[in-house]
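Encoded as structure tokens, the structure appears first; notes follow it.
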Amino acid sequence: MARTPHPIRKGIVLSAWALIEPIVVWSAPLLLVAPLVFLFVGAFTRSWDSRGLAGFSISGIVESFEIVRESIVFSWALALATAVITTAIAVPLAYACKSRDNRLGRLLTEMAVLPVVLPPLLLAMGLMLAYPVLQAGWIILLIAHVAQTLPFAMWPIVAALSVLDVATLDTAGRTLGASPLQRLMLVVLPNVWRSAATGAATSFVLSFSETGSSLFLGSAHYRPIGVVLVDTFLNLDQRLAAGATVLFTVCLLPALLLLELLLGFGGKRATSRTRPEPAALLTQSPILEPGGSR
Amino acid sequence: MDITLRDIRKTFGHTDVLRGINLTFRSGTVTVLLGPSGSGKTTLLNIVAGLVPATGGHVLFGGQDVTALPVEARHIGYVFQSHALFPHLTAAGNVEFPLRVRGVGRGERRQRARDALAIVEMAHLAERDVSTLSGGQRQRVAIARALVANPDVLLLDEPLSALDPQLRDRIREELRALLEPLPVPVVLVTHDQHDAFVLADQVVLLHGGEVAQLGTPQDLYLRPANETVARFLGIASYLADDEGNRRLVRPEDLELAADDGPCDVVLRIERVQFLGDRQRVTGSTPDGDAPIIVDVSKAARVAAGELARFRIRRNGRTMPVAAQASHLVGPGY
């Protein structure tokens with residue numbers, strides 16, 4: 001028989017937990033946010049050396065903008081292309097995986113996840129060896145980014161398709177005379193577009209901030225912003241590095257906001273589907289609705 | 001247009017699921033494929049639809065061999081057990097779908113969808129999100145969607161199995177009224193004999209991948225081809241008469257005989273179950289043959305361990321099956 005804890009001891013434990021809980025809950029986010037705050041403060045500082053931070057100035061931002069300007073434009077274009085291509089591949093691939101509930105479908109799903117377990121440096125080296133003709137160009141960077149972000153674009157779509165029971169809907173489409181393309185466009189896509197958009201936004205963010213393979217595959221002409229950030233940090237110019245970080249974050253904000261909006265909207269929609277409004281429940285009643293039947 | 005199946009066979013691995021099925025589904029007739037789990041009824045339906053390829057044999061739609069045609073090209077209507085309505089479309093949008101993929105103009109498909117929904121008495125809910133519809137309403141939308149493009153055959157896979165028993169009774173009647181006037185062959189799969197009897201013009205009882213019996217519901221219930229069919233379609237007991245014939249006895253075929261009147265059989269009662277509207281008596285003949293199950297009125301005085309005298313009802317149907325020792329007794333026993 002379990003022993004009942006003494007009331008006083010139980011009270012002490014609860015009080016102690018009340019004190020510790022905020023520290024436990026907030027310490028992890030603070031540890032993540034603190035460096036970012038520090039960099040933001042540093043970016044707007046006149047001098048930053050061994051004596052510490054001093055004065056307010058936007059010259060750090062202006063100077064770092066000159067350094068990262070071209071990289072920002074290139075990274076935006078690269079991330080955008082990555083998001084578009086990844087999504088264009090992820091939707092039919094996820095559809096193919098989920099509509100085939102067999103060994104081939106599972107194999108396709110596993111193959112698509114492979115880039116997650118493969119270190120970016122290895123991927124970059126492999127691409128350089130496999131496609132030497134593409135070295136120093138932007139195409140090899142695009143291939144690397146698409147390969148790395150594909151699983152992250154696929155996962156939300158696969159999850160949405162699992163909830164949807166896409167295999168049955170696909171079969172229903174077939175019995176109604178729809179071709180594979182019609183089923184993809186008229187049945188699958190309208191049901192997973194939010195997940196596809198979430199995947200696209202995730203791909204954009206991951207591509208924009210990617211450094212692992214870009215360090216290997218980038219060139220003087222095609223330098224993603226991640227590579228420039230690493231350069232500025234390696235050059236030990238902390239003020240410029242902080243300024244570049246601020247610009248980097250500002251450039252990412254639209255994609256992050258879009259992601260947040262999509263996730264929030266998708267969550268609300270899912271809740272409303274699983275928990276109908278009380279009014280909807282009333283109208284479903286066979287007693288209140290003589291024409292209907294349950 | 002009639003649908004003909006010629007020597008349909010299907011093998012999964014080393015298992016023969018269907019062994020040479022020959023059937024014809026006639027226009028304006030509701031055929032129910034009935035059978036226990038694993039009898040091959042859903043596989044047969046899916047072979048007609050083109051969702052599952054047959055290992056051998058031919059499927060003919062009005063004389064045209066469609067065996068090699070994919071489901072998209074067969075022009076069928078299929079109602080899924082789960083209804084499989086598209087969740088992003090309204091009821092009308094779902095019904096318009098087969099017309100949309102066939103390139104029918106917007107105006108015409110809206111009108112035809114409205115007409116189809118009106119047939120299933122759902123026109124007033126045409127613009128409703130399908131996720132807000134009840135099970136019965138979703139089923140009607142699914143039927144309208146399956147019928148709107150004038151298919152050559154309507155196939156329904158276990159349409160009532162997802163419903164609770166009370167609703168099931170009502171929806172069964174509604175479904176019968178919907179299917180009865182359709183001018184195409186209707187093929188419906190169920191494992192429930194009540195569904196089959198209410199909905200079917202003809203019943204195909206499948207067992208072990210073969211047609212165990214084909215006929216009207218009355219044929220199957222009153223004149224089952226063998227014991228397997230008889231037992232699948234309800235409680236079946238057997239009595240043997242003086243000529244050595246085994247006679248099928250349904251629970252409703254026997255009634256308690258008056259104390260001073262004639263009787264046909266005497267049972268030693270082993271168990272009495274109260275079922276609300278009646279009592280179910282399980283007993284055996286004096287020489288202890290297989291149990292005989294009889295339904296008696298809820299007010300009848302019967303108790304386990306007693307002997308009870310029964311008469312075969314005058315309208316009770318019995319059938320000779322095979323020679324056995326006599327347990328039927330003559331009048332005045």
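Chains: A, B, ... in order of the structure tokens. Residues: from 1 per chain. Ligands: from 1, in order shown.
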
Taking only C-alpha atoms into account, find every residue of chain B that has an atom no more than 7 Å from chain A, and write it out as a ChimeraX atom specification. /B:71-73,75-78,84,86,88,98,101,132-137,167

Writing out the chosen residues with all heavy atoms as a compact mmCIF listing (two decimals), in the first residue's frame:
# COMPACT_ATOMS: atom_id res chain seq x y z
N VAL B 71 -9.93 1.64 -63.27
CA VAL B 71 -11.16 2.12 -62.63
C VAL B 71 -11.61 3.47 -63.20
O VAL B 71 -12.81 3.71 -63.37
CB VAL B 71 -10.98 2.18 -61.09
CG1 VAL B 71 -9.85 3.05 -60.65
CG2 VAL B 71 -12.27 2.62 -60.42
N GLU B 72 -10.65 4.33 -63.51
CA GLU B 72 -11.00 5.67 -64.01
C GLU B 72 -11.80 5.60 -65.30
O GLU B 72 -12.58 6.51 -65.60
CB GLU B 72 -9.73 6.50 -64.27
CG GLU B 72 -8.89 6.79 -63.05
CD GLU B 72 -7.82 5.75 -62.81
OE1 GLU B 72 -8.08 4.55 -63.09
OE2 GLU B 72 -6.72 6.11 -62.34
N ALA B 73 -11.59 4.53 -66.07
CA ALA B 73 -12.23 4.43 -67.39
C ALA B 73 -13.47 3.55 -67.38
O ALA B 73 -14.08 3.34 -68.42
CB ALA B 73 -11.21 3.88 -68.39
N HIS B 75 -16.41 3.97 -65.66
CA HIS B 75 -17.68 4.68 -65.53
C HIS B 75 -18.59 4.00 -64.50
O HIS B 75 -19.69 3.55 -64.82
CB HIS B 75 -18.37 4.78 -66.89
CG HIS B 75 -19.31 5.94 -66.93
ND1 HIS B 75 -20.56 5.88 -67.48
CD2 HIS B 75 -19.19 7.20 -66.46
CE1 HIS B 75 -21.17 7.03 -67.34
NE2 HIS B 75 -20.35 7.85 -66.73
N ILE B 76 -18.08 3.96 -63.30
CA ILE B 76 -18.84 3.34 -62.21
C ILE B 76 -19.18 4.40 -61.15
O ILE B 76 -18.58 5.47 -61.12
CB ILE B 76 -18.01 2.23 -61.52
CG1 ILE B 76 -16.70 2.81 -60.96
CG2 ILE B 76 -17.72 1.08 -62.47
CD1 ILE B 76 -16.12 2.02 -59.84
N GLY B 77 -20.11 4.07 -60.30
CA GLY B 77 -20.35 4.87 -59.09
C GLY B 77 -20.02 3.98 -57.91
O GLY B 77 -20.41 2.80 -57.88
N TYR B 78 -19.24 4.50 -56.95
CA TYR B 78 -18.78 3.66 -55.84
C TYR B 78 -19.03 4.43 -54.55
O TYR B 78 -18.57 5.57 -54.40
CB TYR B 78 -17.29 3.38 -56.02
CG TYR B 78 -16.74 2.25 -55.17
CD1 TYR B 78 -16.32 1.05 -55.76
CD2 TYR B 78 -16.60 2.37 -53.79
CE1 TYR B 78 -15.80 0.02 -55.01
CE2 TYR B 78 -16.09 1.34 -53.02
CZ TYR B 78 -15.68 0.17 -53.63
OH TYR B 78 -15.16 -0.85 -52.87
N ALA B 84 -15.86 8.65 -47.89
CA ALA B 84 -14.73 9.25 -48.63
C ALA B 84 -15.11 10.55 -49.32
O ALA B 84 -14.72 10.79 -50.47
CB ALA B 84 -14.15 8.24 -49.63
N PHE B 86 -14.78 14.50 -50.05
CA PHE B 86 -13.61 15.39 -50.03
C PHE B 86 -13.85 16.50 -49.00
O PHE B 86 -14.79 17.28 -49.15
CB PHE B 86 -13.36 15.96 -51.42
CG PHE B 86 -13.16 14.89 -52.46
CD1 PHE B 86 -13.87 14.90 -53.65
CD2 PHE B 86 -12.26 13.85 -52.24
CE1 PHE B 86 -13.69 13.89 -54.59
CE2 PHE B 86 -12.07 12.85 -53.18
CZ PHE B 86 -12.79 12.87 -54.35
N HIS B 88 -12.51 19.29 -48.30
CA HIS B 88 -12.35 20.72 -48.63
C HIS B 88 -13.50 21.24 -49.49
O HIS B 88 -13.52 22.42 -49.82
CB HIS B 88 -11.02 20.92 -49.37
CG HIS B 88 -10.95 20.20 -50.69
ND1 HIS B 88 -10.88 18.84 -50.78
CD2 HIS B 88 -10.95 20.66 -51.96
CE1 HIS B 88 -10.83 18.48 -52.07
NE2 HIS B 88 -10.87 19.56 -52.80
N PRO B 98 -17.24 14.60 -60.04
CA PRO B 98 -17.10 13.72 -61.21
C PRO B 98 -17.43 14.42 -62.52
O PRO B 98 -16.90 14.06 -63.57
CB PRO B 98 -18.09 12.58 -60.93
CG PRO B 98 -18.92 13.01 -59.80
CD PRO B 98 -18.22 14.09 -59.07
N VAL B 101 -14.23 16.67 -63.43
CA VAL B 101 -13.10 15.95 -64.03
C VAL B 101 -13.43 15.47 -65.44
O VAL B 101 -12.53 15.14 -66.20
CB VAL B 101 -12.62 14.76 -63.16
CG1 VAL B 101 -12.15 15.22 -61.81
CG2 VAL B 101 -13.70 13.69 -63.03
N THR B 132 -19.70 19.06 -41.43
CA THR B 132 -20.79 19.40 -40.50
C THR B 132 -22.01 18.51 -40.72
O THR B 132 -23.01 18.66 -40.04
CB THR B 132 -21.22 20.88 -40.66
OG1 THR B 132 -21.79 21.04 -41.96
CG2 THR B 132 -20.05 21.82 -40.48
N LEU B 133 -21.94 17.60 -41.68
CA LEU B 133 -23.10 16.74 -41.95
C LEU B 133 -23.06 15.49 -41.07
O LEU B 133 -21.99 15.02 -40.69
CB LEU B 133 -23.10 16.31 -43.42
CG LEU B 133 -23.21 17.42 -44.47
CD1 LEU B 133 -23.13 16.83 -45.87
CD2 LEU B 133 -24.51 18.20 -44.31
N SER B 134 -24.23 14.95 -40.81
CA SER B 134 -24.31 13.71 -40.02
C SER B 134 -23.96 12.51 -40.90
O SER B 134 -23.83 12.65 -42.13
CB SER B 134 -25.72 13.55 -39.48
OG SER B 134 -26.61 13.34 -40.55
N GLY B 135 -23.83 11.35 -40.28
CA GLY B 135 -23.45 10.14 -41.01
C GLY B 135 -24.42 9.82 -42.14
O GLY B 135 -24.01 9.53 -43.26
N GLY B 136 -25.71 9.89 -41.84
CA GLY B 136 -26.73 9.58 -42.84
C GLY B 136 -26.72 10.60 -43.98
O GLY B 136 -26.88 10.24 -45.16
N GLN B 137 -26.50 11.88 -43.61
CA GLN B 137 -26.47 12.93 -44.64
C GLN B 137 -25.24 12.75 -45.53
O GLN B 137 -25.31 12.91 -46.75
CB GLN B 137 -26.44 14.30 -43.97
CG GLN B 137 -27.76 14.66 -43.30
CD GLN B 137 -27.66 15.85 -42.38
OE1 GLN B 137 -26.56 16.23 -41.94
NE2 GLN B 137 -28.78 16.45 -42.06
N LEU B 167 -29.88 3.90 -35.73
CA LEU B 167 -29.82 4.64 -36.98
C LEU B 167 -29.83 3.70 -38.16
O LEU B 167 -30.43 3.98 -39.19
CB LEU B 167 -28.54 5.46 -37.04
CG LEU B 167 -28.55 6.79 -36.33
CD1 LEU B 167 -27.20 7.43 -36.40
CD2 LEU B 167 -29.58 7.70 -36.97

Residue contacts of Phe152 (chain A) (9 Å, only C-alpha atoms) excluding same-chain residues fewer than 3 positions away, as a PyMOL selection string: chain A and resi 113+116+148-149+155-156+199-200+202-203+206

Produce a file of the selected residues containing N, CA, C and O atoms, as a PDB file, in the first residue's frame.
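Generated file (again-v9.pdb):
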ATOM      1  N   VAL A 113      14.159  11.154 -46.189  1.00  0.00           N
ATOM      2  CA  VAL A 113      14.656  11.600 -44.870  1.00  0.00           C
ATOM      3  C   VAL A 113      16.191  11.518 -44.810  1.00  0.00           C
ATOM      4  O   VAL A 113      16.816  12.107 -43.934  1.00  0.00           O
ATOM      5  N   VAL A 116      18.689  14.314 -43.719  1.00  0.00           N
ATOM      6  CA  VAL A 116      18.710  14.764 -42.316  1.00  0.00           C
ATOM      7  C   VAL A 116      19.843  14.072 -41.557  1.00  0.00           C
ATOM      8  O   VAL A 116      20.510  14.683 -40.713  1.00  0.00           O
ATOM      9  N   GLN A 148      18.829  19.254 -48.618  1.00  0.00           N
ATOM     10  CA  GLN A 148      18.814  19.355 -47.150  1.00  0.00           C
ATOM     11  C   GLN A 148      17.452  19.760 -46.600  1.00  0.00           C
ATOM     12  O   GLN A 148      17.086  19.373 -45.495  1.00  0.00           O
ATOM     13  N   THR A 149      16.712  20.561 -47.362  1.00  0.00           N
ATOM     14  CA  THR A 149      15.433  21.055 -46.815  1.00  0.00           C
ATOM     15  C   THR A 149      14.244  20.178 -47.207  1.00  0.00           C
ATOM     16  O   THR A 149      13.163  20.340 -46.646  1.00  0.00           O
ATOM     17  N   TRP A 155       7.696  16.613 -44.282  1.00  0.00           N
ATOM     18  CA  TRP A 155       7.080  16.144 -43.041  1.00  0.00           C
ATOM     19  C   TRP A 155       5.687  16.727 -42.776  1.00  0.00           C
ATOM     20  O   TRP A 155       4.759  15.975 -42.479  1.00  0.00           O
ATOM     21  N   PRO A 156       5.523  18.060 -42.862  1.00  0.00           N
ATOM     22  CA  PRO A 156       4.156  18.561 -42.600  1.00  0.00           C
ATOM     23  C   PRO A 156       3.145  18.047 -43.609  1.00  0.00           C
ATOM     24  O   PRO A 156       1.976  17.807 -43.257  1.00  0.00           O
ATOM     25  N   GLY A 199       5.791  23.979 -45.022  1.00  0.00           N
ATOM     26  CA  GLY A 199       7.032  23.335 -45.462  1.00  0.00           C
ATOM     27  C   GLY A 199       7.878  24.287 -46.290  1.00  0.00           C
ATOM     28  O   GLY A 199       9.108  24.324 -46.144  1.00  0.00           O
ATOM     29  N   ALA A 200       7.222  25.076 -47.150  1.00  0.00           N
ATOM     30  CA  ALA A 200       7.960  26.030 -47.995  1.00  0.00           C
ATOM     31  C   ALA A 200       8.631  27.093 -47.131  1.00  0.00           C
ATOM     32  O   ALA A 200       9.803  27.442 -47.352  1.00  0.00           O
ATOM     33  N   THR A 202       9.474  26.813 -44.008  1.00  0.00           N
ATOM     34  CA  THR A 202      10.566  26.155 -43.271  1.00  0.00           C
ATOM     35  C   THR A 202      11.785  25.995 -44.184  1.00  0.00           C
ATOM     36  O   THR A 202      12.923  26.265 -43.766  1.00  0.00           O
ATOM     37  N   SER A 203      11.555  25.591 -45.420  1.00  0.00           N
ATOM     38  CA  SER A 203      12.652  25.433 -46.374  1.00  0.00           C
ATOM     39  C   SER A 203      13.362  26.764 -46.588  1.00  0.00           C
ATOM     40  O   SER A 203      14.589  26.820 -46.647  1.00  0.00           O
ATOM     41  N   LEU A 206      15.461  27.579 -43.480  1.00  0.00           N
ATOM     42  CA  LEU A 206      16.629  26.698 -43.375  1.00  0.00           C
ATOM     43  C   LEU A 206      17.664  27.019 -44.445  1.00  0.00           C
ATOM     44  O   LEU A 206      18.867  27.035 -44.178  1.00  0.00           O
TER      45      LEU A 206
END

Just asking: which residues within region 4-236 of chain A are strand (DSSP E) according to DSSP, as a list in words?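 Selection result, strand (DSSP E) within region 4-236 of chain A: Thr45, Arg46, Ser47, Trp48, Asp49, Gly52, Leu53, Ala54, Gly55 and Phe56 of chain A.
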
Leaving out Asp2 (chain B) and any residue of its chain fewer than 3 positions from it, which residues lie within 7 Å of it when counting only C-alpha atoms, given as number ranges by chain? B: 24-27, 61-62, 185

Would you mind exporting all heavy atoms of the selected residues as an mmCIF file, in the first residue's frame?
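Result file is selection_13.cif:
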data_model
loop_
_atom_site.group_PDB
_atom_site.id
_atom_site.type_symbol
_atom_site.label_atom_id
_atom_site.label_comp_id
_atom_site.auth_asym_id
_atom_site.auth_seq_id
_atom_site.Cartn_x
_atom_site.Cartn_y
_atom_site.Cartn_z
ATOM 1 N N THR B 24 -24.409 -12.507 -62.895
ATOM 2 C CA THR B 24 -24.912 -11.393 -63.704
ATOM 3 C C THR B 24 -25.673 -10.436 -62.787
ATOM 4 O O THR B 24 -26.506 -10.865 -61.991
ATOM 5 C CB THR B 24 -25.864 -11.901 -64.814
ATOM 6 O OG1 THR B 24 -25.115 -12.781 -65.652
ATOM 7 C CG2 THR B 24 -26.384 -10.750 -65.651
ATOM 8 N N PHE B 25 -25.307 -9.165 -62.871
ATOM 9 C CA PHE B 25 -26.011 -8.126 -62.111
ATOM 10 C C PHE B 25 -26.881 -7.373 -63.109
ATOM 11 O O PHE B 25 -26.365 -6.718 -64.014
ATOM 12 C CB PHE B 25 -25.021 -7.170 -61.446
ATOM 13 C CG PHE B 25 -23.997 -7.862 -60.575
ATOM 14 C CD1 PHE B 25 -22.644 -7.669 -60.784
ATOM 15 C CD2 PHE B 25 -24.397 -8.703 -59.545
ATOM 16 C CE1 PHE B 25 -21.700 -8.299 -59.985
ATOM 17 C CE2 PHE B 25 -23.452 -9.341 -58.744
ATOM 18 C CZ PHE B 25 -22.107 -9.141 -58.970
ATOM 19 N N ARG B 26 -28.197 -7.473 -62.931
ATOM 20 C CA ARG B 26 -29.108 -6.906 -63.927
ATOM 21 C C ARG B 26 -29.483 -5.464 -63.588
ATOM 22 O O ARG B 26 -29.534 -5.082 -62.425
ATOM 23 C CB ARG B 26 -30.379 -7.752 -64.022
ATOM 24 C CG ARG B 26 -30.081 -9.196 -64.382
ATOM 25 C CD ARG B 26 -31.245 -9.891 -65.068
ATOM 26 N NE ARG B 26 -30.888 -11.274 -65.392
ATOM 27 C CZ ARG B 26 -30.122 -11.635 -66.417
ATOM 28 N NH1 ARG B 26 -29.637 -10.716 -67.240
ATOM 29 N NH2 ARG B 26 -29.832 -12.897 -66.636
ATOM 30 N N SER B 27 -29.762 -4.706 -64.646
ATOM 31 C CA SER B 27 -30.175 -3.309 -64.468
ATOM 32 C C SER B 27 -31.456 -3.244 -63.646
ATOM 33 O O SER B 27 -32.353 -4.081 -63.841
ATOM 34 C CB SER B 27 -30.415 -2.656 -65.829
ATOM 35 O OG SER B 27 -29.207 -2.476 -66.483
ATOM 36 N N PHE B 61 -19.224 -5.249 -69.064
ATOM 37 C CA PHE B 61 -20.241 -4.217 -68.850
ATOM 38 C C PHE B 61 -21.087 -4.180 -70.124
ATOM 39 O O PHE B 61 -20.633 -3.701 -71.157
ATOM 40 C CB PHE B 61 -19.602 -2.845 -68.619
ATOM 41 C CG PHE B 61 -19.091 -2.616 -67.224
ATOM 42 C CD1 PHE B 61 -18.796 -3.672 -66.367
ATOM 43 C CD2 PHE B 61 -18.910 -1.327 -66.741
ATOM 44 C CE1 PHE B 61 -18.328 -3.463 -65.082
ATOM 45 C CE2 PHE B 61 -18.440 -1.101 -65.454
ATOM 46 C CZ PHE B 61 -18.139 -2.171 -64.633
ATOM 47 N N GLY B 62 -22.290 -4.721 -70.067
ATOM 48 C CA GLY B 62 -23.166 -4.732 -71.234
ATOM 49 C C GLY B 62 -22.550 -5.439 -72.423
ATOM 50 O O GLY B 62 -22.684 -4.976 -73.553
ATOM 51 N N PRO B 185 -27.572 -1.515 -62.586
ATOM 52 C CA PRO B 185 -27.333 -2.578 -61.601
ATOM 53 C C PRO B 185 -26.731 -1.969 -60.329
ATOM 54 O O PRO B 185 -25.855 -1.118 -60.408
ATOM 55 C CB PRO B 185 -26.303 -3.489 -62.282
ATOM 56 C CG PRO B 185 -26.232 -3.055 -63.699
ATOM 57 C CD PRO B 185 -26.690 -1.651 -63.757
#

Where does DSSP see alpha helix (DSSP H) in region 7-101 of chain A, if you list the residues as number ranges by chain? A: 7-43, 59-99

Pairwise distance for CA of Leu156 (chain B) and CA of Val187 (chain B), rounded to one decimal in Å: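 Computing it gives 6.3 Å between the two atoms.
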
Tell me, as a count of residues only, which residues lie within 12 Å of Thr55 (chain B), counting only C-alpha atoms; anything in the same chain fewer than 3 positions away does not count. 22

Give me, as a list in words, all polymer residues having an atom no more than 10 Å from Leu108 (chain A), counting only C-alpha atoms and skipping those fewer than 2 positions away in the same chain.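 My list of contacting residues is Leu93, Ala94, Ala96, Cys97, Lys98, Arg100, Arg103, Leu104, Gly105, Arg106, Glu110, Met111, Ala112 and Val113 of chain A.
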
Tell me which of A:Leu36, A:Leu240, A:Val230, A:Ala153 sits closest to Ala196 (chain A), counting only C-alpha atoms.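 Closest to Ala196 (chain A) of all the choices is A:Ala153.
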
Point out the residue among B:Asp157, B:Ala290, B:Asp65, B:Arg309 with the least atom-to-atom distance to Asp260 (chain B), counting only C-alpha atoms.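 Smallest distance to Asp260 (chain B) is found for B:Arg309.
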
By how many Å are CA of Gly55 (chain A) and CA of Gly243 (chain A) apart?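 Separating CA of Gly55 (chain A) from CA of Gly243 (chain A) is a distance of 14.9 Å.
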
Nearest residue to Leu189 (chain A) out of B:Gly93, B:Gly28, B:Pro87, B:Gly305, using only C-alpha atoms?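 Going through B:Gly93, B:Gly28, B:Pro87, B:Gly305 one by one, the smallest distance to Leu189 (chain A) is for B:Pro87.
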